[in-house]
Every structure is written in structure tokens, then in C-alpha cells.
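What follows is a short report on a single structure.
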Protein chains: 2
Amino acid sequence: MQRRSLLAGAALAATVSAPALAQAQPTIRWRMPSSFPKSLDTVFGGATAIGDIVRKLTDGRFTITPFAAGELMPPLAVLDGVQNRSVECGHTAGFYYVGKEPALAFDTGIPFGMTPRQHQAWMIHGGGLQMMREIYDRFDAVQIPCGNTGAQMGGWLRKEIKRVEDFQGLRMRVPGLLGRVYAKLGATPLQLAAADVYPALEKGTLDAVEFVGPYDDEKLGLAKVARYYYGPGVMELGASLCFIANKKAWAELPDSYRAALEAACAQAGAEMLAKYDVGNVPALKRLVGSGARLGYWSKPIMEAMHKATQEVLKEEAAANPLFAKVHDKWREFLDEQLVWAAVNDGAAEQFMLGTRRSASVAR
Amino acid sequence: MQRRSLLAGAALAATVSAPALAQAQPTIRWRMPSSFPKSLDTVFGGATAIGDIVRKLTDGRFTITPFAAGELMPPLAVLDGVQNRSVECGHTAGFYYVGKEPALAFDTGIPFGMTPRQHQAWMIHGGGLQMMREIYDRFDAVQIPCGNTGAQMGGWLRKEIKRVEDFQGLRMRVPGLLGRVYAKLGATPLQLAAADVYPALEKGTLDAVEFVGPYDDEKLGLAKVARYYYGPGVMELGASLCFIANKKAWAELPDSYRAALEAACAQAGAEMLAKYDVGNVPALKRLVGSGARLGYWSKPIMEAMHKATQEVLKEEAAANPLFAKVHDKWREFLDEQLVWAAVNDGAAEQFMLGTRRSASVAR
């Protein structure tokens, strides 16, 4: 009976849209390494969410199994794995691959850059996605933006930073472009495995570390060894993550499975940012309650960071025509968005900051 | 041959997941009236996008046809149409139905409220969606947030507003809660059909009108009859729209079609906000180029608006326990978000406003 109604159903649907039905049939299993550990349940959760949503959308026919950083390949080798099709897809961040192509920094975010909303507008209707996809195409990959952390905190420091001069000689764990900006302020950017950060801060062989935000940072217990927690997140107003698929594997998918991935990334991405936004404040309060001292970069410090950032971007653009091209378009878009922010949204939000009733951990 | 491979495909899939395949079969056609006219291609485009995405996700088996405001029913009767199942679903805004239940204002946004990002966080992980769904359930409807306009401009005025006293006697087309706030400042809120706005401003029987933002407002040509265009959008930091489905029609859907609607609304919603963000600045520049004068509410004016808003909310809460309950939770969430904005994202964004190179239409 069950089988009979099944066949009847199939025949009925076939009269309506036979090719579509045929396309909907294949059972496909993909593996999706993440660049993030399970302990970062927000960003690793992005990969889990993509798999869950796609499974629901395809009635369980298209299953994508997430793997935490290191389970299948090193965390920063996800693009390589996708390129050589040792896996079909992955969840990662473009700026991990600036060694391959510096312009991939724009896929994630750069210092003094875009908010998650501005970045999303640039991607969807501002030409950003098209430029990024052209770059990923060289690595035989197709990219879909998926998730954002929101602005990240400036980081944890063992001492107070009152003046730009206080960065002199500071040994700081901070990656990529951010590291180059801090270097211009006199700091020494270092690469250090995550597990080595706590003991190095404790011993005093490391002075500072840039990580994510309260929700994630709380898990590291850094307040015990570097009590000053600096903001605001001008050096990283957002970090946009992405799903990437091997180009041939992507092309082999039925249309509806590709649509499922696009929609799943939109939904999983919205959920990730919401989870950070909801989780950061209670975590921040707990951190402050347990002894972290909230610090704010002074205006002269932010101005020095901004100036150093422009120098780094200019150097990079001079050395790399593609970086220069993307940067020009990106900058033009950001300038437009800042006009709108000054006229409307940003100005309204600024007024709102003055209306808050609770000021327990804020300025 | 075609038929044979089809059946073979169906049999193969059936061995993997027979119940899922059975669920995936039905061809379903729904009608989706929008509360918005086709001329507002961003918000009406939200309905079109939902239909397009769901069709792709279901290989054309689930088709949802959008209808512009008035084609099937009056624009503000969409919830009634969904409740009595004269249509299966609709795309609308909760605050159109505050006459039925005042707390539905929170589904869309209220003066001095949340940004699109804060609202999304409240909905997804802050308990907002659950509260809103409990309300819609009384109208036999299931709600999914879908799209946001971003902060709306304060509106078009025939004269400059320099002091709070300048609102005295101002005849202003402005709906609902916003109208009650302006009334406390001395204005007279009026209800007027959209088509009557331009001639009334021209004749001088109307002094001001609140609409959306540059991208939409440009189409109305209001600068010719009310040249002062005021911001920032403190009275409406966002307007969240929603998809609603009849509860029984929703329950009859296969799981994968319900998942398709959830994912489609996330994707269509992101696209809508991006389209506004990208379109507003060029439209604003054209408006200013054609004679509109950009005005800014002074701080004392925004403070008076804020105070009047708190009075209106207090009155509403006193008259309506459900409104009071939702307002308390909503307020608590917003306060937390404002702490985070002050510490990190909002403070960083504020610094960014000072870095912009182009200041053509901004303060």
C-alpha cells in the first residue's frame, strides 16, 4: 500500500515536471571540514547548521557532514582540500588564504572596514560576491558567504594602553593584515599555536592576543593572565565566513541542491550573527565580574591605527594589481555606505546609545 | 526511456528514504498577497523572491504566486485573508494589525527601537519569534520574519523644523504609534490614501508625510511639494516585514516545504535589506540634486520624541497586559544590545563615520 501510493505519487508528479523530479532523486553525501574547532560553537555551528538545513530541504537526500578543524585536514588547508577535491566542500574564512591571493582578505573583512550589514550589501547587490567568486574560481572553488562574528574585540593585553607609544615592543599574537598594522605602531606580531597562548601570557613571553569576542574569548580564560580587554572593534568590524564547494562537485549538483546551499547559507549565517549578538553581553558581564578590565582605545590610538591601516593597504595595492582593483571598488562602496550611515541609520543608532538605562559594563 | 529512468530513479531513492520521498512528491500551489504595491519593488520584491526561491528549492513542485496590494484583497486585510484561508499565505507587516492586537507592533518595530540586526537577534535567539508566533497563532497564522527596510527617514516637510515648538499644529500623514508620538509634540496625525498625499501637500492642506527612505520616496516626487527631508530615523530604526501562512495550510505542508519557506525567508530578507542599502545613497544624491533639502532633527527634538515615545508606550502597556509583557522583554533585550553597541560594534561604527572621504550629502 505504502509502495503503491509512492509510485502513484511519483507518476503524478512526473506528469507535472518530469525533469525536475528526475533531478531531485540523487542521494548525495558530502564531507565539509570546518576551519574552526567544536569549542567555538558559534562558528563551527555554522557548518552544522548548513548540513542540518540542507538535509531538511532535500528530505534527507543531500547530506553534508561537518568535521571540526583538524579532523580531516589542517584548519587552514580547507581551500586546498576543496581545490583538489579530497573533500567536496568546506566552511572557512577567505583571509586564511591571503598567502595564495591577498585580495581574499576582502572576502572576510579588513581593518576599518565594513559592518556585517554593509558587507552583506556589498556581497549581494554591490558587486562584491562576483569579484570574490572570480578569485575562488582560480582555486576551482565556488563561494557562498555564510555567517559573521560581528565586530571583534581589540584583544587581551597584560598592560594598559594609554598612548600610541605604549605599543612599542609589545609582543602580540595577531594574524595577517592586522599584524602588519600593529607592527607600524611598534608592536611585534607573532604567530603562535592557540594552545601556547595562555602559558606564553602567563610567563610574560607574550604581551597581548587578538581573538574574537566575549562569547568565544570567555572559554580561553585569558582574563587571568591578561586582564585588559580592549575595544571597540575598529580593527575588525566584522569577519564574514564562507562556505566553499569544489567547482566540479558544485556543477554536478541538481539545481535544487545548489539552491538549497544558497538558502541554507543565508539562514545559517543569520543564525550565527544572532547567536553572537545574544551571547556576547552576558559573557562580557561575566568576564568583567571575574576581574577583566574593559579598556577603550583612545581616539588618538584609533586614529593612529586607521592611518597605519591605510599605509598597509596602499603598500599591498602597490604590490598587487588585483588587490588594488578590489580595494578601489570596496572603498567606493564603503564610502557610500558611510554617507547613508551618517544621514540615517548610524546617526539614529548613535542617539540610541545615549538612551540606554543599563550602563554596568559600558562607558 | 525517459520514463524508465525516472521510475528507476524513484525506486532507488525509495530504498534510501521512502517516507521522505513520499513527502517530497505533492505539487502544491499557494497564492501570496502582498500588502505592498509593485512600485515598491524592494518590499514587493520580497514576496517575489520567496516564491522564486521556494520554487527552486522544490524543483518547481511548490509554487507560491505573489499578488500586489489590492489585487486579491485590500493591502491591510492580508492577515484576515490568511486567517480565513481565502489565501494560504501572505507577505505583510505586523504593525498593520495593531487594531487587532497592539503587541504586533513589536513584530515590525516601534519608535526608538531596534536596528535590523538587533531585531533579527531578538527574533532568532532572544525569544522574540516565540512571543510573536504565540500572538499570530490566535489568528490561525504562522509567521516567519522576512525582510527589513533599515531605518526609515523622518519624512518630508513643507517647512523647516528647528525647535520642538515647530511641530505645533503640523498636519502630518503618519500612522499608528508614530502618529501618537507626533501628537504629543503638538502635531495632528492624519490618515490619507497614498494617492491623495501629493495634491494635499501641494494645496497646503497637509504639511508633512512620513514614508520610507530615498529609494522608495524618490518615486513619489515629494521634493517638489515638501522640500525638507528629515532624518535620522530614530522614529523607525527598522521595519521588519513578515511572511504569514494559514496555520492549517502550514501544518499540511511536507516538512521539506516548511523548511523551504524558512530558508527562503532568510535569503529573501537578506536580499531586501541589501537592496535598500545599495539603492538609498544614489537615490538620496539624486533627491538632493533635484532640490530636496536634507534636514536633521536636533538633539532636543530627538529627546522630545524619545520622551513622548516612552509616554505612549507606557500608556499602551497600562491598557494592555500583553503589550506590557512583550514590551518588558523587548526592552530588556534592547538594553543589553545597547551595552554591546556602546562597548564594541556601535563605538567602532561611530569612529568609522569620521573616516569617510565623501561628505557631499552628509553632515
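Labels for the C-alpha cells follow display order: chains A, B, ..., residues from 1 in each chain, ligands from 1.
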Contact residues around Asn280 in chain A with only C-alpha atoms at 12 Å, ignoring same-chain residues under 3 positions, as a PDB file with N, CA and C atoms, in the first residue's frame:
ATOM      1  N   THR A  42      29.755  28.743  17.946  1.00  0.00           N
ATOM      2  CA  THR A  42      29.062  29.643  17.024  1.00  0.00           C
ATOM      3  C   THR A  42      29.562  29.443  15.597  1.00  0.00           C
ATOM      4  N   THR A 149      30.870  37.151  12.542  1.00  0.00           N
ATOM      5  CA  THR A 149      31.027  37.207  14.002  1.00  0.00           C
ATOM      6  C   THR A 149      30.562  38.541  14.577  1.00  0.00           C
ATOM      7  N   GLY A 150      30.292  39.533  13.709  1.00  0.00           N
ATOM      8  CA  GLY A 150      30.139  40.897  14.199  1.00  0.00           C
ATOM      9  C   GLY A 150      31.515  41.463  14.500  1.00  0.00           C
ATOM     10  N   ALA A 151      31.558  42.699  14.992  1.00  0.00           N
ATOM     11  CA  ALA A 151      32.855  43.315  15.302  1.00  0.00           C
ATOM     12  C   ALA A 151      33.552  42.497  16.374  1.00  0.00           C
ATOM     13  N   GLN A 152      34.843  42.294  16.190  1.00  0.00           N
ATOM     14  CA  GLN A 152      35.616  41.553  17.184  1.00  0.00           C
ATOM     15  C   GLN A 152      36.278  42.540  18.142  1.00  0.00           C
ATOM     16  N   MET A 153      36.543  42.081  19.348  1.00  0.00           N
ATOM     17  CA  MET A 153      37.206  42.948  20.314  1.00  0.00           C
ATOM     18  C   MET A 153      38.668  43.143  19.905  1.00  0.00           C
ATOM     19  N   VAL A 212      38.479  36.817  19.439  1.00  0.00           N
ATOM     20  CA  VAL A 212      37.195  37.081  18.777  1.00  0.00           C
ATOM     21  C   VAL A 212      36.391  38.096  19.590  1.00  0.00           C
ATOM     22  N   GLY A 213      35.522  37.614  20.463  1.00  0.00           N
ATOM     23  CA  GLY A 213      34.703  38.492  21.298  1.00  0.00           C
ATOM     24  C   GLY A 213      34.369  37.744  22.574  1.00  0.00           C
ATOM     25  N   PRO A 214      33.647  38.384  23.502  1.00  0.00           N
ATOM     26  CA  PRO A 214      33.413  37.795  24.828  1.00  0.00           C
ATOM     27  C   PRO A 214      32.898  36.358  24.795  1.00  0.00           C
ATOM     28  N   TYR A 215      31.937  36.065  23.909  1.00  0.00           N
ATOM     29  CA  TYR A 215      31.322  34.740  23.918  1.00  0.00           C
ATOM     30  C   TYR A 215      32.364  33.647  23.680  1.00  0.00           C
ATOM     31  N   ASP A 216      33.249  33.862  22.726  1.00  0.00           N
ATOM     32  CA  ASP A 216      34.302  32.877  22.457  1.00  0.00           C
ATOM     33  C   ASP A 216      35.470  33.017  23.435  1.00  0.00           C
ATOM     34  N   ASP A 217      35.851  34.255  23.691  1.00  0.00           N
ATOM     35  CA  ASP A 217      37.064  34.501  24.487  1.00  0.00           C
ATOM     36  C   ASP A 217      36.941  33.972  25.916  1.00  0.00           C
ATOM     37  N   GLU A 218      35.711  33.998  26.433  1.00  0.00           N
ATOM     38  CA  GLU A 218      35.490  33.557  27.810  1.00  0.00           C
ATOM     39  C   GLU A 218      36.035  32.135  28.030  1.00  0.00           C
ATOM     40  N   LEU A 273      25.204  35.157  13.443  1.00  0.00           N
ATOM     41  CA  LEU A 273      25.366  36.521  13.950  1.00  0.00           C
ATOM     42  C   LEU A 273      24.437  36.769  15.142  1.00  0.00           C
ATOM     43  N   ALA A 274      23.211  36.255  15.044  1.00  0.00           N
ATOM     44  CA  ALA A 274      22.255  36.418  16.152  1.00  0.00           C
ATOM     45  C   ALA A 274      22.772  35.740  17.418  1.00  0.00           C
ATOM     46  N   LYS A 275      23.378  34.583  17.253  1.00  0.00           N
ATOM     47  CA  LYS A 275      23.896  33.859  18.413  1.00  0.00           C
ATOM     48  C   LYS A 275      25.029  34.635  19.085  1.00  0.00           C
ATOM     49  N   TYR A 276      25.903  35.213  18.269  1.00  0.00           N
ATOM     50  CA  TYR A 276      26.966  36.062  18.835  1.00  0.00           C
ATOM     51  C   TYR A 276      26.358  37.271  19.546  1.00  0.00           C
ATOM     52  N   ASP A 277      25.416  37.936  18.880  1.00  0.00           N
ATOM     53  CA  ASP A 277      24.857  39.162  19.463  1.00  0.00           C
ATOM     54  C   ASP A 277      24.167  38.885  20.791  1.00  0.00           C
ATOM     55  N   ALA A 283      28.317  37.153  28.438  1.00  0.00           N
ATOM     56  CA  ALA A 283      29.711  36.709  28.587  1.00  0.00           C
ATOM     57  C   ALA A 283      30.597  37.876  29.019  1.00  0.00           C
ATOM     58  N   LEU A 284      30.361  39.032  28.416  1.00  0.00           N
ATOM     59  CA  LEU A 284      31.142  40.220  28.785  1.00  0.00           C
ATOM     60  C   LEU A 284      30.943  40.557  30.258  1.00  0.00           C
ATOM     61  N   LYS A 285      29.691  40.478  30.701  1.00  0.00           N
ATOM     62  CA  LYS A 285      29.400  40.782  32.109  1.00  0.00           C
ATOM     63  C   LYS A 285      30.105  39.787  33.033  1.00  0.00           C
ATOM     64  N   ARG A 286      30.090  38.512  32.651  1.00  0.00           N
ATOM     65  CA  ARG A 286      30.783  37.512  33.479  1.00  0.00           C
ATOM     66  C   ARG A 286      32.294  37.778  33.506  1.00  0.00           C
ATOM     67  N   LEU A 287      32.840  38.133  32.341  1.00  0.00           N
ATOM     68  CA  LEU A 287      34.279  38.407  32.270  1.00  0.00           C
ATOM     69  C   LEU A 287      34.649  39.579  33.173  1.00  0.00           C
TER      70      LEU A 287
ATOM     71  N   ALA B 121      18.395  39.390  15.907  1.00  0.00           N
ATOM     72  CA  ALA B 121      18.931  38.643  17.057  1.00  0.00           C
ATOM     73  C   ALA B 121      17.812  38.359  18.064  1.00  0.00           C
ATOM     74  N   GLU B 336      20.394  45.335  26.653  1.00  0.00           N
ATOM     75  CA  GLU B 336      21.601  44.504  26.549  1.00  0.00           C
ATOM     76  C   GLU B 336      22.343  44.787  25.243  1.00  0.00           C
ATOM     77  N   GLN B 337      21.585  44.889  24.160  1.00  0.00           N
ATOM     78  CA  GLN B 337      22.202  45.134  22.865  1.00  0.00           C
ATOM     79  C   GLN B 337      22.882  46.498  22.829  1.00  0.00           C
ATOM     80  N   LEU B 338      22.297  47.462  23.523  1.00  0.00           N
ATOM     81  CA  LEU B 338      22.893  48.805  23.539  1.00  0.00           C
ATOM     82  C   LEU B 338      24.190  48.818  24.338  1.00  0.00           C
ATOM     83  N   VAL B 339      24.274  47.974  25.359  1.00  0.00           N
ATOM     84  CA  VAL B 339      25.531  47.846  26.100  1.00  0.00           C
ATOM     85  C   VAL B 339      26.617  47.349  25.141  1.00  0.00           C
ATOM     86  N   TRP B 340      26.297  46.307  24.397  1.00  0.00           N
ATOM     87  CA  TRP B 340      27.272  45.737  23.461  1.00  0.00           C
ATOM     88  C   TRP B 340      27.643  46.758  22.381  1.00  0.00           C
ATOM     89  N   ALA B 341      26.632  47.487  21.880  1.00  0.00           N
ATOM     90  CA  ALA B 341      26.897  48.505  20.864  1.00  0.00           C
ATOM     91  C   ALA B 341      27.841  49.570  21.415  1.00  0.00           C
ATOM     92  N   VAL B 343      30.045  49.231  23.817  1.00  0.00           N
ATOM     93  CA  VAL B 343      31.373  48.674  24.076  1.00  0.00           C
ATOM     94  C   VAL B 343      32.118  48.414  22.772  1.00  0.00           C
ATOM     95  N   ASN B 344      31.392  47.907  21.761  1.00  0.00           N
ATOM     96  CA  ASN B 344      32.119  47.388  20.605  1.00  0.00           C
ATOM     97  C   ASN B 344      31.596  47.851  19.245  1.00  0.00           C
ATOM     98  N   ASP B 345      30.590  47.194  18.715  1.00  0.00           N
ATOM     99  CA  ASP B 345      30.174  47.462  17.330  1.00  0.00           C
ATOM    100  C   ASP B 345      29.784  48.924  17.093  1.00  0.00           C
TER     101      ASP B 345
END
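Distance-wise, CA of Phe167 in chain A and CA of Gly186 in chain A end up 5.6 Å apart.
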With only C-alpha atoms as the basis for distance, which of B:Asp107, B:Glu101, B:Glu271, B:Asp140 is at the shortest distance from Ile53 in chain B?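 Comparing B:Asp107, B:Glu101, B:Glu271, B:Asp140 against Ile53 in chain B, the winner is B:Glu271.
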Range 169-353 of chain B: residues DSSP assigns to alpha helix (DSSP H), reported as an MDAnalysis selection string: chainID B and resid 176:184 194:203 214:217 247:252 255:289 299:319 321:343 345:353
If we count only C-alpha atoms, what is near Leu294 in chain A at a cut-off of 7 Å, once residues fewer than 5 positions away on the same chain are taken out, given as a ChimeraX atom specification? /A:228-230
May I have the selected residues written with C-alpha atoms, as a PDB file, in the first residue's frame?
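Saved result, selection_29.pdb, follows:
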ATOM      1  CA  TYR A 228      42.910  44.347  29.971  1.00  0.00           C
ATOM      2  CA  TYR A 229      40.232  43.662  27.370  1.00  0.00           C
ATOM      3  CA  TYR A 230      40.245  46.350  24.698  1.00  0.00           C
TER       4      TYR A 230
END
With only C-alpha atoms as the basis for distance, which of B:Val197, B:Ala308, B:Leu129, B:Val234 is at the shortest distance from chain A? B:Val234
